[in-house]
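Peer 1: Sharing a structure with you now.
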Amino acid sequence: MQFMLLFSRQGKLRLQKWYVPLSDKEKKKITRELVQTVLARKPKMCSFLEWRDLKVVYKRYASLYFCCAVENQDNELITLEIIHRYVELLDKYFGSVCELDIIFNFEKAYFILDEFLLGGEAQETSKKNVLKAIEQADLLQENVDFQTRLFAV
Amino acid sequence: MPAVSKGDGMRGLAVFISDIRNCKSKEAEIKRINKELANIRSKFKGDKALDGYSKKKYVCKLLFIFLLGHDIDFGHMEAVNLLSSNKYTEKQIGYLFISVLVNSNSDLIRLINNGIKNDLNSRNPTFMNLALHCIANVGSREMAEAFASDIPRILVAGDTMDSVKQSAALCLLRLNRTSPDLVPMGEWTARVVHLLNDQHLGVVTAATSLITTLAQKSPDDFKTSVALSVARLSRIVTSASIDLQDYTYYFVAAPWLSVKLLRLLQCYPPPEDASLRSRLTECLETILNKAQEPPKSKKVQHSNAKNAVLFEAISLIIHHDSEPTLLVRACNQLGQFLQHRETNLRYLALESMCMLASSEFSHEAVKTHMETVINALKTERDVSVRQRAVDLLYAMCDRSNAKQIVAEMLTYLENADYSIREEIVLKVAILAEKYAVDYTWYVDTILNLIRIAGDYVSEEVWYRVIQIVINRDDVQGYAAKTVFEALQAPACHENLVKVGGYILGEFGNLIAGDSRSSPLVQFNLLHSKFHLCSVPTRALLLSAYIKFINLFPEVKITIQDVLRSDSQLRNADVELQQRAVEYLRLSCIASTDILATVLEEMPPFPERESSILAKLKKKKGRGNLPVIDDTRRNVNGNVEHAEKTEAPNQVSTPSFTDLLNLNSAPGPGGNLLVDVFSDNAALSSTDVCEENFSRFVCKNNGVIFENQLLQIGLKSEYRQNLGRMYVFYGNKTSTQFLSFTSSLSVLDSFSPQLNMHVKTVDPVIEGGAQVQQILNMECVSDFTEAPVLKVQFRYGGMLQNLAVKLPVMLNKFFQPTEMTSQDFFQRWKQLGAPEQEVQKIFKAKLPMDTEVTKAKIIGFGVALLDRVDPNPENFVGAGVIHTKSIQVGCLLRLEPNAQAQMYRLTLRTSRESVSRRLCDLLSEQF
């Protein structure tokens, strides 16, 4: 996978993850172009499109579009399910996830993604294992919060 | 699951995000952000040292601002400081900031690398993972330099935790992609393959991606992965769906891992070991069988995951292209999907079937679905699906169904989206030519193309129809009648006027017997279009008129009046004016005989090889393709030409030093039409284009290759044993070429004899633009094989591959040597040993012209020695071939025999291989 973008129906970018080195300018250009292309598509159309020399796989969940660019020989359907598994992970973690969760806890959305995908490839596809890793991190965080409070007293 | 503390961790951040969301306008948002930026800046600069928490909060705010699309130019240092925090959450935010925002600020990279190093050495798996994620996310060269040797160690160490192994595997994959030179293979590679056997499926999943990437680059080092992958795959596909616990996804066992294993197997040919092979076949059969079972769930995730594995299995079957039963089963399965209610599946089925169509085993099976595909073309609402249907029809076309497919494509073209019209036009043109049995059908098809989509018909297409009509006398009368009828339409496309003008000018006499198409009617019809046309078309029409004067003396006066009119004789365009003046004069002074000779019907165009024919010949093992010298090159690069060069005042025999390839327009463009599309089917076996190679033996500049997309021009200069070649790539289309690469491939036997160094070119060539590439070379010793230039790029989503033999020949390293007659014959006698002389006697292929021959010998690189040979008809030359290791003196003698139209060429050098090569090269030139 070359990159993943999450954006709203209004075209606002909510998360961007790049697995290939590109300049900021190029990233912005790509984002603008793809957001426009995907938003212009009608609901019943197929979830894949040829774009430049890549394949774009996208799916809409409520108000959010999840959009991945993969290489030509990559498997479109499994990419579609990568998107779904990521949505499931977010959903499980936040408890019925909505766009606001991702806005206010964008850093968590990144951490979960890094546990699931790394370097553009699936690292761990077990939902339990990914969430376990994030839970452990949260536990570390809570201990820290606890400590700071202790000192503040 | 811990209760999610929405922003509790950083209340200030949540407040800030709410503020931004509450902003009513873009201006208000920018104002709020600027205020925050000023605040953070002052905090970072302030005298009071910030605690870790505040630093984390501010860095996080900066990150949020950046993600909103604003530039962030500070805070990097604070983020780096967070890396060394011993609080996990601070470290984590520090890493996130760096992953998202790092640029190649080298000072900072060193500090970041320090932080990473500490965490990698910490032996705390959570910290190690953070560090590995950061390397995988940034993947910069500096990081590769610092860590590429540590990560393999972590990956294969016995005591590494599973989750760290997973991160390490993918981290290494990323570094291998960005800086492969910095990831050396080593003893770890063998151990990595064994991760395919790991207990933990997550580890296997990550490792399979790494192994696939590595195996693509060096397949031999990872051969053992084939057996292991088959074993693993077999265990997965035969497992009950609950066996794999959390790796089962909607009742499908480990779909991601299955897809990855099937991908890995596509790096290799079918296994040679029989039992392994049958085990793999069993796996693939099981996957195909499962597709027929009733679904275990109605959820789309179930069917997607199942079909993802199925499509990957079909890709592997196609890749192997060796099991007819599997190929046909795959085809039937895809056939079912063609009518599935899911658009996604229909799209993918069309796409995969395209690949199946090119396999001899499944081509017929694919053809049985033609009606369905045609129907898709008519009914699919999504243009991307229709595009796939066009591709598939093109791929499944053969002689048996060509007429129907071409007709359907023509119908579709009438309403097709503008974005894909040009491509459809080309496809139709290629199919019509390739499968034409009946050339009247071919002519009709091309004229239809022009009628329906004239703007999208490129020059090559209408050049080609003219070439074919000229070469086939059985179709000429029909063509004349058809263009005459087509021209009757009140509005017809300019391309039709061009074809019509050319064909009537040549063959109008064939229909002139009918009073409805008498010479005058034909002329008036053509001339009625004249004023609406562009200059090049008008020029072509003027040539058609002078041809008419020859064909039909009865319209001579009418045409002369037209030529004489002010709008012609005083036309502002110099080309038109010149033609009018010359043609008028020619028609007045030349006798009927001269006129008939000058304006004779065009001779047939030399038949050129289509790529398919060339392939066939290669298989049959015939010798070199005949070199066809196009004698009918012209001055202005148009199809019509002979009149022009032969007109009085204008007699200029094109000299061979002319950049003649530019002018032989109808040829290369026409036949390469076929090449462009055959390329996408056979990526691996691109034919090497040698067509223009021999034209460069005696010259250094010109166009070596041209098709309708790309023109490759060369300029070269040589001095002693060194040479430099400038290669110019011209994009002839209005669309970008993407992922453009060009490289040299040299045959092994040849590489030590010629050192070549090539500079890389920009991967994008804009439409209409030209880029230059420089090739430096050094001749080490004498050589025979020429290097091949391989060019690859994407045009309109399709990969184009081509290979061109570069004209770097031994004679380029000649330095001419002047010598007296006495010296010459003394040297000549010294080189008298039988192995030093090579002689060839051959028939002249071109007219024997002394001046042209002289120019060629000089172009060959030797000094032409005057008054050395006692026979003044003979030519002698001398020169020295410079290589790094040796210099080879060389004498040559060419004896023409005008009566027999033969030549005798003798080469004498101190090395037999040099004599032979030079003799071969030069003898092809006359």
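Chain labels A, B, ... are given in the sequence in which chains occur in the structure tokens; within each chain residues are numbered consecutively from 1, and ligands are likewise numbered from 1 in the order shown.
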Could you write out as a list in words the residues of chain A within 6 Å of chain B, counting only C-alpha atoms?

Peer 2: Met45, Cys46, Asp53, Leu77, Ile78, Gly119, Gln123, Glu124, Ser126 and Gln141 of chain A

Peer 1: With N, CA and C atoms kept, could you save the residues just selected as a PDB file, in the first residue's frame?

Peer 2:
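Okay, selection.pdb is ready:
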ATOM      1  N   MET A  45     -21.339   2.825  -7.602  1.00  0.00           N
ATOM      2  CA  MET A  45     -20.182   2.544  -8.453  1.00  0.00           C
ATOM      3  C   MET A  45     -19.217   1.587  -7.770  1.00  0.00           C
ATOM      4  N   CYS A  46     -18.315   1.020  -8.555  1.00  0.00           N
ATOM      5  CA  CYS A  46     -17.437   0.038  -7.951  1.00  0.00           C
ATOM      6  C   CYS A  46     -16.377   0.739  -7.103  1.00  0.00           C
ATOM      7  N   ASP A  53      -0.706   5.607 -11.912  1.00  0.00           N
ATOM      8  CA  ASP A  53      -0.392   4.213 -12.190  1.00  0.00           C
ATOM      9  C   ASP A  53      -0.703   3.323 -10.983  1.00  0.00           C
ATOM     10  N   LEU A  77      -9.708  -6.696  -3.273  1.00  0.00           N
ATOM     11  CA  LEU A  77     -10.696  -7.103  -2.269  1.00  0.00           C
ATOM     12  C   LEU A  77     -10.086  -7.183  -0.884  1.00  0.00           C
ATOM     13  N   ILE A  78      -8.849  -7.659  -0.792  1.00  0.00           N
ATOM     14  CA  ILE A  78      -8.248  -7.782   0.531  1.00  0.00           C
ATOM     15  C   ILE A  78      -7.960  -6.373   1.076  1.00  0.00           C
ATOM     16  N   GLY A 119       4.643  -0.100   7.292  1.00  0.00           N
ATOM     17  CA  GLY A 119       5.313  -0.073   5.985  1.00  0.00           C
ATOM     18  C   GLY A 119       4.361  -0.374   4.839  1.00  0.00           C
ATOM     19  N   GLN A 123       0.464  -6.016   9.410  1.00  0.00           N
ATOM     20  CA  GLN A 123       1.431  -6.527  10.372  1.00  0.00           C
ATOM     21  C   GLN A 123       0.770  -7.557  11.284  1.00  0.00           C
ATOM     22  N   GLU A 124      -0.419  -7.232  11.747  1.00  0.00           N
ATOM     23  CA  GLU A 124      -1.117  -8.120  12.676  1.00  0.00           C
ATOM     24  C   GLU A 124      -2.592  -8.030  12.339  1.00  0.00           C
ATOM     25  N   SER A 126      -4.979 -10.062  13.615  1.00  0.00           N
ATOM     26  CA  SER A 126      -5.875 -10.477  14.701  1.00  0.00           C
ATOM     27  C   SER A 126      -6.337  -9.245  15.470  1.00  0.00           C
ATOM     28  N   GLN A 141      -0.036   4.512  30.101  1.00  0.00           N
ATOM     29  CA  GLN A 141      -0.440   5.910  30.152  1.00  0.00           C
ATOM     30  C   GLN A 141      -1.161   6.213  31.460  1.00  0.00           C
TER      31      GLN A 141
END

Peer 1: Give me the residues near B:Arg908 as a list in words, where near means some atom within 8 Å (using only C-alpha atoms) and where sequence neighbours in that chain fewer than 3 positions away do not count.

Peer 2: Trp828, Leu831, Gly832, Gln836, Glu837, Val838, Cys890, Leu891, Leu892 and Ser915 of chain B

Peer 1: What separation in Å, quoted to one decimal, exists between atom CA of B:Asp162 and atom CA of A:Glu76?

Peer 2: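 For atom CA of B:Asp162 relative to atom CA of A:Glu76, the distance reads 28.3 Å.
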
Peer 1: So which one's closest to B:Thr238, B:Arg329, B:His369, B:Arg341, B:Lys290? Using only C-alpha atoms, please.

Peer 2: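 The closest residue to B:Thr238 is B:Lys290.
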
Peer 1: Have a look at atom CA of A:Ile83 and atom CA of B:Phe337 and let me know their distance in Å, one decimal.

Peer 2: 22.8 Å

Peer 1: Applying 10 Å and only C-alpha atoms, which residues near A:Leu13 remain after dropping the ones on its own chain fewer than 4 positions away? List them as a list in words.

Peer 2: Leu5, Leu6, Phe7, Ser8, Arg9, Thr31, Arg32, Val35, Leu64, Tyr65 and Ile103 of chain A; Leu67, Leu68 and Gly69 of chain B

Peer 1: Using only C-alpha atoms, which of the listed residues (B:Gln467, B:Lys298, B:Lys547, B:Thr817) sits closest to B:Thr597?

Peer 2: B:Lys547

Peer 1: Can you pull out every residue within 8 Å of A:Val70, counting only C-alpha atoms, but drop anything in the same chain fewer than 2 positions away, and send it as a short mmCIF file (atom, residue, chain, number, x, y, z; two decimals) with N, CA, C and O atoms, in the first residue's frame?

Peer 2:
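The resulting selection19.cif:
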data_model
loop_
_atom_site.label_atom_id
_atom_site.label_comp_id
_atom_site.auth_asym_id
_atom_site.auth_seq_id
_atom_site.Cartn_x
_atom_site.Cartn_y
_atom_site.Cartn_z
N MET A 1 0.84 -1.19 0.00
CA MET A 1 0.00 0.00 0.00
C MET A 1 0.88 1.25 0.00
O MET A 1 1.90 1.28 0.66
N GLN A 2 0.48 2.23 -0.76
CA GLN A 2 1.30 3.45 -0.83
C GLN A 2 0.84 4.53 0.13
O GLN A 2 1.66 5.26 0.66
N PHE A 3 -0.44 4.64 0.32
CA PHE A 3 -0.92 5.57 1.34
C PHE A 3 -2.38 5.32 1.66
O PHE A 3 -3.08 4.61 0.91
N LEU A 54 -1.64 3.77 -10.17
CA LEU A 54 -2.00 2.99 -9.00
C LEU A 54 -3.46 2.57 -9.06
O LEU A 54 -4.20 3.00 -9.94
N LYS A 55 -3.84 1.72 -8.11
CA LYS A 55 -5.25 1.39 -7.97
C LYS A 55 -5.73 2.02 -6.67
O LYS A 55 -5.06 1.91 -5.64
N VAL A 56 -6.86 2.65 -6.72
CA VAL A 56 -7.43 3.24 -5.52
C VAL A 56 -8.60 2.38 -5.08
O VAL A 56 -9.44 1.99 -5.89
N VAL A 57 -8.61 2.04 -3.80
CA VAL A 57 -9.69 1.24 -3.22
C VAL A 57 -10.31 2.10 -2.12
O VAL A 57 -9.58 2.59 -1.26
N CYS A 68 -7.57 3.92 0.07
CA CYS A 68 -6.20 3.39 0.02
C CYS A 68 -5.70 3.36 -1.42
O CYS A 68 -6.46 3.02 -2.33
N ASN A 72 -0.32 -1.93 -8.62
CA ASN A 72 -1.13 -2.63 -9.62
C ASN A 72 -1.36 -4.10 -9.37
O ASN A 72 -2.41 -4.62 -9.67
N ASP A 74 -1.49 -5.53 -6.52
CA ASP A 74 -2.08 -5.79 -5.22
C ASP A 74 -3.55 -6.19 -5.35
O ASP A 74 -4.22 -5.87 -6.32
#

Peer 1: Restricting the calculation to only C-alpha atoms: of A:Leu39, A:Leu117, A:Val20, A:Leu139, which residue gets closest to A:Arg85?

Peer 2: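 Closest candidate: A:Leu117.
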
Peer 1: Grab the atom CA of B:Asp150 to atom CA of A:Leu118 distance for me, in Å with one decimal place.

Peer 2: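 It comes out at 18.2 Å.
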
Peer 1: Could you give me the residues within chain A that DSSP places in strand (DSSP E), as an MDAnalysis selection string?

Peer 2: chainID A and resid 3:8 13:18 48:51 54:61 64:70 117:118 121:122

Peer 1: Show me, as a list in words, the residues that have an atom within 7 Å of stretch 265-271 of chain B when counting only C-alpha atoms, minus same-chain residues fewer than 6 positions from it.

Peer 2: Ala215, Gln216, Val226, Arg277, Leu316, His319 and His320 of chain B

Peer 1: For the residues in the current selection, export all heavy atoms as a tab-separated table (two decimals), in the first residue's frame.

Peer 2:
chain	number	residue	atom	x	y	z
B	215	ALA	N	12.36	-11.72	-2.28
B	215	ALA	CA	12.40	-12.75	-3.33
B	215	ALA	C	12.23	-12.14	-4.72
B	215	ALA	O	12.76	-12.65	-5.69
B	215	ALA	CB	11.33	-13.81	-3.09
B	216	GLN	N	11.49	-11.03	-4.79
B	216	GLN	CA	11.34	-10.38	-6.09
B	216	GLN	C	12.68	-9.90	-6.59
B	216	GLN	O	12.94	-9.89	-7.79
B	216	GLN	CB	10.37	-9.19	-5.98
B	216	GLN	CG	8.92	-9.61	-6.05
B	216	GLN	CD	7.97	-8.57	-5.52
B	216	GLN	OE1	8.38	-7.55	-4.96
B	216	GLN	NE2	6.68	-8.82	-5.68
B	226	VAL	N	9.38	-21.53	-1.32
B	226	VAL	CA	8.27	-22.11	-2.09
B	226	VAL	C	7.66	-23.28	-1.34
B	226	VAL	O	6.44	-23.32	-1.10
B	226	VAL	CB	8.75	-22.54	-3.50
B	226	VAL	CG1	7.64	-23.27	-4.24
B	226	VAL	CG2	9.20	-21.33	-4.29
B	277	ARG	N	4.27	-29.96	-6.28
B	277	ARG	CA	3.41	-29.39	-7.30
B	277	ARG	C	1.97	-29.88	-7.14
B	277	ARG	O	1.02	-29.12	-7.24
B	277	ARG	CB	3.95	-29.81	-8.67
B	277	ARG	CG	3.36	-29.02	-9.77
B	277	ARG	CD	4.10	-29.29	-11.05
B	277	ARG	NE	3.34	-28.73	-12.14
B	277	ARG	CZ	3.87	-28.29	-13.27
B	277	ARG	NH1	5.16	-28.36	-13.43
B	277	ARG	NH2	3.11	-27.78	-14.20
B	316	LEU	N	-2.26	-16.63	-9.51
B	316	LEU	CA	-1.15	-17.59	-9.49
B	316	LEU	C	-1.31	-18.61	-10.62
B	316	LEU	O	-0.34	-18.95	-11.30
B	316	LEU	CB	-1.10	-18.30	-8.13
B	316	LEU	CG	0.01	-19.35	-7.98
B	316	LEU	CD1	1.39	-18.72	-8.12
B	316	LEU	CD2	-0.08	-20.08	-6.64
B	319	HIS	N	-0.30	-16.94	-13.66
B	319	HIS	CA	1.16	-16.76	-13.64
B	319	HIS	C	1.86	-18.05	-14.06
B	319	HIS	O	2.78	-18.03	-14.86
B	319	HIS	CB	1.60	-16.33	-12.24
B	319	HIS	CG	3.08	-16.33	-12.05
B	319	HIS	ND1	3.89	-15.34	-12.53
B	319	HIS	CD2	3.90	-17.23	-11.45
B	319	HIS	CE1	5.15	-15.62	-12.23
B	319	HIS	NE2	5.18	-16.76	-11.58
B	320	HIS	N	1.40	-19.17	-13.53
B	320	HIS	CA	2.03	-20.45	-13.90
B	320	HIS	C	1.72	-20.82	-15.34
B	320	HIS	O	2.58	-21.35	-16.04
B	320	HIS	CB	1.55	-21.56	-12.97
B	320	HIS	CG	2.19	-21.50	-11.61
B	320	HIS	ND1	1.78	-22.27	-10.56
B	320	HIS	CD2	3.21	-20.76	-11.13
B	320	HIS	CE1	2.52	-22.02	-9.50
B	320	HIS	NE2	3.39	-21.08	-9.81

Peer 1: If we count only C-alpha atoms and set the cut-off at 6 Å, which residues sit around stretch 699-706 of chain B, ignoring sequence neighbours fewer than 5 positions away in its own chain? Please answer as a PyMOL selection string.

Peer 2: chain B and resi 659+661+692+711-716+859

Peer 1: For the structure I just gave you, how does DSSP split stretch 7-150 of chain A - specifically, which residues are helix (DSSP H, G or I)? Reply as a count of residues only.

Peer 2: 76
